[in-house]
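**Student:** Structure: model01.txt, compact mmCIF, C-alpha atoms.
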# COMPACT_ATOMS: atom_id res chain seq x y z
CA MET M 1 25.19 0.80 -21.73
CA SER M 2 24.39 4.49 -22.08
CA VAL M 3 21.33 5.33 -24.17
CA THR M 4 21.41 8.50 -26.28
CA GLN M 5 18.66 10.71 -27.60
CA GLN M 6 19.82 9.97 -31.14
CA GLN M 7 19.31 6.23 -30.60
CA VAL M 8 15.73 6.93 -29.55
CA LEU M 9 15.11 9.17 -32.56
CA ASP M 10 16.60 6.53 -34.87
CA VAL M 11 14.15 3.84 -33.76
CA LEU M 12 11.23 6.29 -33.80
CA GLY M 13 12.11 7.02 -37.42
CA LYS M 14 11.02 3.44 -38.20
CA VAL M 15 7.61 3.87 -36.56
CA LYS M 16 4.93 5.09 -38.96
CA SER M 17 2.01 7.44 -38.31
CA PRO M 18 -1.52 6.40 -39.38
CA ASP M 19 -0.77 8.22 -42.65
CA GLY M 20 2.45 6.28 -43.20
CA VAL M 21 4.78 9.16 -42.29
CA ALA M 22 7.80 8.43 -40.11
CA LEU M 23 6.99 9.47 -36.54
CA ILE M 24 9.94 11.84 -36.33
CA HIS M 25 8.64 13.71 -39.40
CA ALA M 26 4.95 13.79 -38.38
CA ASN M 27 5.32 16.97 -36.28
CA VAL M 28 3.75 15.32 -33.22
CA LEU M 29 6.71 14.54 -30.95
CA SER M 30 7.55 16.50 -27.85
CA SER M 31 11.19 16.83 -26.85
CA VAL M 32 12.69 13.44 -26.01
CA THR M 33 14.26 13.18 -22.56
CA VAL M 34 16.80 10.43 -21.92
CA ASN M 35 18.21 10.03 -18.42
CA ASP M 36 20.16 7.01 -17.18
CA GLY M 37 18.27 4.51 -19.34
CA LYS M 38 14.89 6.17 -18.79
CA VAL M 39 13.12 7.67 -21.80
CA PHE M 40 10.26 10.18 -21.60
CA PHE M 41 8.31 11.90 -24.37
CA SER M 42 4.76 12.49 -25.59
CA ILE M 43 2.95 12.24 -28.92
CA ASN M 44 0.68 15.26 -29.36
CA VAL M 45 -2.28 14.82 -31.74
CA ASP M 46 -5.76 16.20 -32.32
CA ALA M 47 -8.40 14.57 -30.11
CA ALA M 48 -10.43 13.56 -33.17
CA GLU M 49 -7.51 11.36 -34.29
CA ALA M 50 -6.55 9.94 -30.90
CA ARG M 51 -8.02 6.47 -31.44
CA ALA M 52 -6.00 5.94 -34.62
CA TRP M 53 -2.80 7.06 -32.90
CA GLU M 54 -2.97 4.71 -29.91
CA SER M 55 -1.45 1.85 -31.90
CA VAL M 56 1.34 4.20 -32.98
CA ARG M 57 2.03 5.12 -29.36
CA ALA M 58 2.18 1.43 -28.44
CA ALA M 59 4.54 0.71 -31.35
CA ALA M 60 6.77 3.63 -30.34
CA GLU M 61 6.93 2.38 -26.76
CA ALA M 62 7.78 -1.15 -27.88
CA ALA M 63 10.52 0.16 -30.18
CA VAL M 64 12.08 2.31 -27.45
CA ARG M 65 11.93 -0.48 -24.86
CA ALA M 66 13.82 -2.74 -27.28
CA ILE M 67 16.86 -0.42 -27.27
CA PRO M 68 19.65 -2.05 -25.23
CA GLY M 69 20.09 -0.16 -21.98
CA VAL M 70 16.55 1.26 -21.77
CA THR M 71 15.05 0.41 -18.39
CA THR M 72 11.95 2.62 -18.44
CA ALA M 73 9.93 4.08 -21.31
CA MET M 74 7.21 6.55 -20.38
CA ILE M 75 5.34 7.62 -23.53
CA ALA M 76 2.05 9.51 -23.35
CA LEU M 77 -0.51 10.17 -26.04
CA THR M 78 -1.64 13.78 -25.72
CA ALA M 79 -4.99 14.33 -27.42
CA GLU M 80 -6.16 17.93 -27.54
CA ARG M 81 -9.20 19.21 -29.36
CA LYS M 82 -8.34 21.88 -31.90
CA PRO M 83 -10.63 24.92 -32.26
CA GLY M 84 -13.52 24.09 -34.57
CA SER M 85 -12.85 20.35 -34.68
CA PRO M 86 -15.61 17.91 -33.70
CA ALA M 87 -15.47 16.24 -30.34
CA ALA M 88 -14.37 12.62 -30.45
CA ALA M 89 -14.83 9.68 -28.17
CA PRO M 90 -11.69 9.03 -26.14
CA PRO M 91 -9.45 6.20 -27.28
CA ALA M 92 -10.13 2.79 -25.79
CA ALA M 93 -6.78 3.01 -24.01
CA SER M 94 -4.54 6.05 -23.69
CA HIS M 95 -1.63 3.89 -22.51
CA ARG M 96 -0.81 0.24 -22.36
CA HIS M 97 -1.92 -0.12 -18.75
CA SER M 98 -5.60 0.65 -19.35
CA HIS M 99 -7.85 -2.38 -18.99
CA GLY M 100 -11.22 -1.03 -20.08
CA VAL M 101 -14.28 -1.11 -17.82
CA GLN M 102 -13.64 -3.22 -14.75
CA PRO M 103 -16.03 -4.65 -12.16
CA VAL M 104 -16.61 -2.16 -9.37
CA SER M 105 -15.61 -3.20 -5.86
CA ALA M 106 -18.49 -4.23 -3.64
CA HIS M 107 -17.36 -1.59 -1.15
CA ARG M 108 -17.97 1.30 -3.55
CA PRO M 109 -21.12 2.66 -5.21
CA PRO M 110 -21.64 1.49 -8.81
CA GLN M 111 -20.59 3.94 -11.51
CA SER M 112 -22.26 4.73 -14.78
CA PRO M 113 -20.47 3.18 -17.79
CA ALA M 114 -20.00 6.72 -19.11
CA SER M 115 -18.33 7.83 -15.88
CA PRO M 116 -14.53 8.18 -15.82
CA MET M 117 -14.67 6.19 -12.57
CA SER M 118 -15.88 3.15 -14.54
CA LYS M 119 -12.25 2.60 -15.64
CA GLN M 120 -11.11 1.90 -12.09
CA SER M 121 -9.46 -1.43 -11.40
CA GLU M 122 -7.84 -2.83 -8.30
CA ILE M 123 -4.06 -3.18 -8.05
CA PRO M 124 -3.43 -6.90 -7.49
CA GLY M 125 -2.13 -7.60 -4.01
CA ILE M 126 -3.08 -4.22 -2.50
CA ALA M 127 -6.05 -4.18 -0.14
CA ALA M 128 -6.48 -0.41 0.18
CA VAL M 129 -5.08 2.66 -1.57
CA ILE M 130 -5.37 5.95 0.31
CA ALA M 131 -4.34 9.46 -0.71
CA VAL M 132 -2.65 12.03 1.51
CA ALA M 133 -3.49 15.39 0.00
CA SER M 134 -3.54 19.12 0.61
CA GLY M 135 -5.10 22.05 -1.16
CA LYS M 136 -1.82 23.99 -1.16
CA GLY M 137 1.90 23.36 -0.84
CA GLY M 138 4.07 24.00 2.20
CA VAL M 139 1.80 22.39 4.81
CA GLY M 140 4.01 19.35 5.52
CA LYS M 141 2.02 16.87 3.46
CA SER M 142 4.94 14.65 2.41
CA THR M 143 6.39 14.51 5.92
CA THR M 144 2.97 13.56 7.25
CA ALA M 145 2.43 10.94 4.53
CA LEU M 146 5.75 9.22 5.30
CA ASN M 147 5.27 9.25 9.08
CA LEU M 148 1.64 8.13 8.71
CA ALA M 149 2.86 5.18 6.62
CA LEU M 150 5.37 4.36 9.36
CA GLY M 151 2.65 4.67 11.98
CA LEU M 152 0.51 2.17 10.05
CA ARG M 153 3.57 -0.10 9.83
CA ASP M 154 3.95 0.03 13.61
CA LEU M 155 0.32 -1.08 13.93
CA GLY M 156 1.23 -4.33 12.16
CA LEU M 157 0.14 -3.50 8.62
CA ARG M 158 2.09 -4.15 5.42
CA VAL M 159 2.51 -0.68 3.94
CA GLY M 160 3.77 0.90 0.73
CA LEU M 161 4.40 4.57 -0.04
CA LEU M 162 4.01 6.07 -3.52
CA ASP M 163 5.32 9.60 -4.08
CA ALA M 164 2.97 10.89 -6.79
CA ASP M 165 4.21 14.50 -6.64
CA ILE M 166 5.70 14.54 -10.15
CA TYR M 167 6.88 18.15 -10.13
CA GLY M 168 8.29 18.20 -6.61
CA PRO M 169 9.04 14.70 -5.30
CA SER M 170 10.09 14.93 -1.65
CA VAL M 171 10.24 11.27 -0.64
CA PRO M 172 13.83 10.63 -1.86
CA ARG M 173 15.10 13.37 0.47
CA LEU M 174 12.78 12.41 3.35
CA THR M 175 13.89 8.77 3.22
CA GLY M 176 17.54 9.28 2.28
CA ILE M 177 17.11 6.97 -0.72
CA HIS M 178 19.50 7.63 -3.61
CA GLU M 179 19.47 4.30 -5.41
CA LYS M 180 17.57 3.46 -8.59
CA PRO M 181 14.83 0.81 -8.67
CA GLN M 182 15.68 -2.45 -10.45
CA LEU M 183 13.43 -4.41 -12.82
CA ASP M 184 12.05 -7.88 -12.14
CA ASP M 185 11.66 -10.66 -14.71
CA ASN M 186 8.38 -9.11 -15.88
CA ARG M 187 10.11 -5.74 -16.40
CA LYS M 188 8.23 -4.21 -13.49
CA MET M 189 10.05 -1.81 -11.19
CA ILE M 190 10.90 -3.22 -7.78
CA PRO M 191 10.08 -0.68 -5.05
CA ILE M 192 12.90 0.35 -2.72
CA GLN M 193 12.60 -1.27 0.70
CA ARG M 194 13.37 1.13 3.54
CA PHE M 195 12.06 1.36 7.13
CA GLY M 196 9.90 -1.70 6.47
CA LEU M 197 8.04 0.13 3.68
CA ALA M 198 7.87 -0.52 -0.07
CA ILE M 199 8.65 2.91 -1.55
CA MET M 200 8.46 4.32 -5.08
CA SER M 201 8.96 7.88 -6.34
CA ILE M 202 9.49 9.58 -9.68
CA GLY M 203 12.44 11.13 -7.86
CA PHE M 204 14.17 7.72 -7.98
CA LEU M 205 14.13 7.88 -11.79
CA VAL M 206 15.42 11.42 -12.38
CA GLU M 207 18.12 13.57 -10.83
CA GLU M 208 17.10 15.86 -7.98
CA GLU M 209 17.86 19.02 -9.99
CA THR M 210 15.92 17.87 -13.09
CA ALA M 211 12.98 20.14 -13.92
CA MET M 212 9.93 18.04 -14.81
CA ILE M 213 8.46 20.25 -17.53
CA TRP M 214 5.59 17.90 -18.37
CA ARG M 215 2.08 18.56 -19.60
CA GLY M 216 -0.92 16.91 -17.98
CA PRO M 217 -0.98 13.69 -20.04
CA MET M 218 2.65 12.93 -19.21
CA VAL M 219 1.89 13.41 -15.50
CA MET M 220 -1.11 11.11 -15.81
CA SER M 221 0.93 8.48 -17.66
CA ALA M 222 3.73 8.63 -15.07
CA ILE M 223 1.34 8.14 -12.16
CA THR M 224 -0.38 5.26 -13.95
CA GLN M 225 2.96 3.55 -14.56
CA MET M 226 4.01 3.95 -10.94
CA LEU M 227 0.74 2.35 -9.88
CA ARG M 228 0.64 -0.46 -12.44
CA ASP M 229 4.27 -1.05 -13.45
CA VAL M 230 5.63 -1.53 -9.93
CA ALA M 231 5.92 -4.95 -8.28
CA TRP M 232 4.25 -3.85 -5.05
CA GLY M 233 3.75 -7.36 -3.74
CA THR M 234 1.14 -7.89 -1.02
CA LEU M 235 0.20 -4.75 0.92
CA ASP M 236 -2.55 -3.91 3.35
CA VAL M 237 -2.29 -0.18 2.55
CA LEU M 238 -0.61 1.85 -0.18
CA VAL M 239 -0.23 5.47 0.98
CA VAL M 240 -0.04 7.89 -1.94
CA ASP M 241 1.63 11.24 -1.32
CA MET M 242 -0.27 13.50 -3.73
CA PRO M 243 0.92 16.78 -5.21
CA PRO M 244 -0.82 19.84 -3.77
CA GLY M 245 -3.95 21.12 -5.45
CA THR M 246 -6.86 19.58 -7.35
CA GLY M 247 -5.49 18.80 -10.80
CA ASP M 248 -4.58 16.01 -13.19
CA ALA M 249 -2.71 13.88 -10.67
CA GLN M 250 -5.63 13.72 -8.25
CA LEU M 251 -8.14 12.92 -10.99
CA THR M 252 -5.86 10.28 -12.53
CA LEU M 253 -5.54 8.48 -9.21
CA ALA M 254 -9.28 8.67 -8.48
CA GLN M 255 -10.15 7.41 -11.98
CA ASN M 256 -7.50 4.68 -12.07
CA VAL M 257 -7.96 2.84 -8.78
CA PRO M 258 -10.81 2.64 -6.27
CA LEU M 259 -9.43 4.90 -3.54
CA ARG M 260 -10.51 3.80 -0.08
CA GLY M 261 -10.14 7.28 1.32
CA ALA M 262 -8.24 10.54 1.49
CA VAL M 263 -6.46 12.22 4.39
CA ILE M 264 -6.42 16.03 4.10
CA ILE M 265 -3.46 17.93 5.58
CA SER M 266 -3.88 21.56 6.61
CA THR M 267 -2.30 24.12 8.89
CA PRO M 268 -4.51 26.11 11.28
CA GLN M 269 -4.65 29.43 9.44
CA ASP M 270 -7.61 30.46 7.29
CA LEU M 271 -5.65 30.56 4.02
CA SER M 272 -4.67 26.91 4.33
CA LEU M 273 -8.16 25.88 5.42
CA ILE M 274 -9.71 27.52 2.35
CA ASP M 275 -7.54 25.35 0.12
CA ALA M 276 -8.19 22.28 2.27
CA ARG M 277 -11.92 22.76 1.67
CA ARG M 278 -11.29 22.68 -2.09
CA GLY M 279 -9.36 19.43 -1.78
CA LEU M 280 -12.05 17.89 0.37
CA ALA M 281 -14.76 18.99 -2.06
CA MET M 282 -12.86 17.46 -4.97
CA PHE M 283 -12.60 14.04 -3.34
CA LYS M 284 -16.28 14.10 -2.44
CA LYS M 285 -17.13 14.99 -6.06
CA VAL M 286 -15.34 11.86 -7.30
CA ASN M 287 -16.91 9.69 -4.57
CA VAL M 288 -13.74 9.20 -2.52
CA PRO M 289 -14.47 9.05 1.22
CA VAL M 290 -12.57 11.53 3.35
CA LEU M 291 -10.91 9.67 6.21
CA GLY M 292 -10.27 12.91 8.06
CA ILE M 293 -8.30 16.13 8.45
CA VAL M 294 -4.92 16.51 10.15
CA GLU M 295 -3.82 19.86 11.58
CA ASN M 296 -0.07 20.07 10.95
CA MET M 297 2.18 22.73 12.52
CA SER M 298 -0.64 23.04 15.02
CA TYR M 299 1.44 24.79 17.71
CA PHE M 300 5.03 25.41 18.74
CA GLN M 301 6.32 24.42 22.16
CA CYS M 302 9.65 25.96 23.12
CA PRO M 303 12.15 23.17 23.91
CA GLU M 304 13.93 25.45 26.42
CA CYS M 305 11.15 26.94 28.50
CA GLY M 306 8.14 24.84 27.53
CA THR M 307 6.05 27.87 26.54
CA ARG M 308 3.47 27.05 23.89
CA SER M 309 2.90 29.47 21.00
CA ASP M 310 0.11 29.13 18.42
CA ILE M 311 2.14 30.63 15.58
CA PHE M 312 -0.43 29.91 12.86
CA GLY M 313 -3.45 30.02 15.13
CA HIS M 314 -4.86 26.82 16.55
CA GLY M 315 -7.86 24.54 16.18
CA GLY M 316 -8.97 25.72 12.75
CA ALA M 317 -8.72 22.26 11.20
CA ARG M 318 -10.68 20.68 14.05
CA LEU M 319 -13.47 23.22 13.68
CA GLU M 320 -13.47 22.74 9.91
CA ALA M 321 -13.74 18.97 10.33
CA GLU M 322 -16.69 19.42 12.68
CA ARG M 323 -18.34 21.86 10.29
CA LEU M 324 -17.95 19.51 7.32
CA GLY M 325 -18.85 16.38 9.24
CA VAL M 326 -15.58 14.51 8.70
CA PRO M 327 -13.27 12.97 11.32
CA PHE M 328 -10.56 15.08 12.92
CA LEU M 329 -7.50 12.85 13.03
CA GLY M 330 -5.17 14.86 15.24
CA GLU M 331 -2.72 17.71 15.78
CA ILE M 332 0.97 17.60 14.88
CA PRO M 333 3.18 20.28 16.46
CA LEU M 334 5.76 22.44 14.73
CA HIS M 335 8.92 20.97 16.19
CA MET M 336 12.60 20.98 15.32
CA SER M 337 13.03 17.23 15.70
CA ILE M 338 10.38 16.56 13.05
CA ARG M 339 12.09 19.02 10.71
CA ALA M 340 15.61 17.76 11.43
CA THR M 341 14.80 14.07 11.03
CA SER M 342 12.93 14.79 7.80
CA ASP M 343 15.85 16.73 6.34
CA SER M 344 18.30 13.98 7.30
CA GLY M 345 16.26 11.16 5.75
CA THR M 346 15.53 9.54 9.12
CA PRO M 347 11.78 10.11 9.72
CA VAL M 348 10.85 10.74 13.32
CA VAL M 349 8.55 7.71 13.75
CA ASP M 350 11.46 5.43 12.86
CA SER M 351 14.37 7.33 14.40
CA GLU M 352 12.59 8.32 17.65
CA PRO M 353 9.99 5.54 18.04
CA ASP M 354 9.48 6.15 21.76
CA GLY M 355 9.17 9.92 21.44
CA PRO M 356 5.98 12.00 21.69
CA HIS M 357 5.84 12.79 17.97
CA ALA M 358 5.97 9.14 16.91
CA SER M 359 3.09 8.55 19.32
CA ILE M 360 1.04 11.27 17.61
CA TYR M 361 1.57 9.81 14.14
CA ARG M 362 0.70 6.31 15.36
CA ALA M 363 -2.51 7.63 16.94
CA ILE M 364 -3.46 9.21 13.60
CA GLY M 365 -2.56 5.95 11.88
CA ALA M 366 -4.81 4.02 14.26
CA LYS M 367 -7.81 6.20 13.34
CA VAL M 368 -7.09 5.64 9.65
CA ARG M 369 -6.63 1.89 10.16
CA ASP M 370 -9.92 1.60 12.03
CA GLN M 371 -11.77 3.07 9.05
CA LEU M 372 -10.06 0.64 6.65
CA GLN M 373 -10.37 -2.54 8.73
CA GLY M 374 -13.34 -3.90 6.80
CA VAL M 375 -11.61 -3.46 3.46
CA ILE M 376 -8.33 -4.95 4.68
CA ALA M 377 -10.10 -7.92 6.28
CA ALA M 378 -12.12 -8.59 3.12
CA ALA M 379 -8.98 -8.52 0.99
Kindly transcribe the structure held in the file into structure tokens.

**Tutor:**
Amino acid sequence: MSVTQQQVLDVLGKVKSPDGVALIHANVLSSVTVNDGKVFFSINVDAAEARAWESVRAAAEAAVRAIPGVTTAMIALTAERKPGSPAAAPPAASHRHSHGVQPVSAHRPPQSPASPMSKQSEIPGIAAVIAVASGKGGVGKSTTALNLALGLRDLGLRVGLLDADIYGPSVPRLTGIHEKPQLDDNRKMIPIQRFGLAIMSIGFLVEEETAMIWRGPMVMSAITQMLRDVAWGTLDVLVVDMPPGTGDAQLTLAQNVPLRGAVIISTPQDLSLIDARRGLAMFKKVNVPVLGIVENMSYFQCPECGTRSDIFGHGGARLEAERLGVPFLGEIPLHMSIRATSDSGTPVVDSEPDGPHASIYRAIGAKVRDQLQGVIAAA
């Protein structure tokens, strides 16, 4: 059954604001997006009133989910402080997945109750969550994240891959997945199984050409839902492909779950390394251990004559890792087979398992696994 925007507005008209005004007349709704049974919108209020509006957000979500044909409802409460208004304590829960202050894992330093990190809670069934990040786009982060996940799979681990790049999800194209996730009996999304991985991406929920014109709170809500509202099952490692930069998505992940580490992807040239330093500094600031740096597009070796060319320079990431005192995980060449298999949805570690590039990704995976062994064994 096809769900329309008018159906959503009709049910929202029955939800009342804290002042008793119908939600559609309270001048707080963003545009409502409806796409193949998936509904997205935000409620934008002053930060001083956020606590009173959380129950309204929950009621709106319940009303939308009750519409026949709705499979996903992603509703964020956006609380912004207006000029001159007093600061207010944040609401106890900005979305239905918050669980308050949780016990901190024994493997991580204790956090102050006032710290945003005090809201972290484990994802049941997942031993370790790691982020694959970069300070800037265009460095091959998503390709590396997918092939790293496959490398960890080849080492005997149970692995999931979450594409958290809300604005530019690449995993659907890299994996060749075009199907939509189904819901289980608990209305949790079932990740797509491909290449022996459990995979989830916002790109599975929207069309490839859809522009995700979302403000920060909607991005944060979407990432939280893909962490908490997915039936991940039992995993040794969940690899999270992060969007480039140091913004809302990175902070949401770090504040939501106890990250066991971050892998930083960079190319050799100075411009990329500058941004990689920013990413590394951000993870250190939120007490996430850096598992190491990978130098992608490290060199080009001509397939015809064998001549090696350092197109973007060479060795910059290794030197940066040494300077910052973090592990250097390895070099990945700029090669047509990596590009071609990525574009075709047949990642190189799976499609050419005996080739030299698969060996490189597995070697990087082994270094990551070795740093996580204590956590995985304890879980």

**Student:** Enclose the full set of atoms of range 187-194 of chain M listed in the file within a box whose edges lie along x, y and z, apply 4 Å of padding to each of the six sides, and report centre and edge lengths in Å to one decimal as AutoDock Vina command-line options.

**Tutor:**
--center_x 10.8 --center_y -2.3 --center_z -6.4 --size_x 13.1 --size_y 14.9 --size_z 27.9

**Student:** Which value, in Å to one decimal, gives the distance between CA of Ala26 in chain M and CA of Ile43 in chain M?

**Tutor:**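 CA of Ile43 in chain M lies at a distance of 9.8 Å from CA of Ala26 in chain M.
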
**Student:** Identify, on the basis of all atoms listed in the file, every residue whose closest approach to Ile190 in chain M does not exceed 10 Å; exclude the query and any residue fewer than 4 positions from it along the same chain; express the result as an NGL selection string.

**Tutor:** :M and (180-184 or 198-200 or 229-233)

**Student:** Do you have the CA of Val294 in chain M-CA of Leu157 in chain M distance handy?

**Tutor:** 20.7 Å

**Student:** Might you pull out every residue within 9 Å of range 193-197 of chain M, with only C-alpha atoms counted and same-chain residues fewer than 3 positions away left off, and present them as a ChimeraX atom specification?

**Tutor:** /M:149-150,153,158-161,175,177,190,350
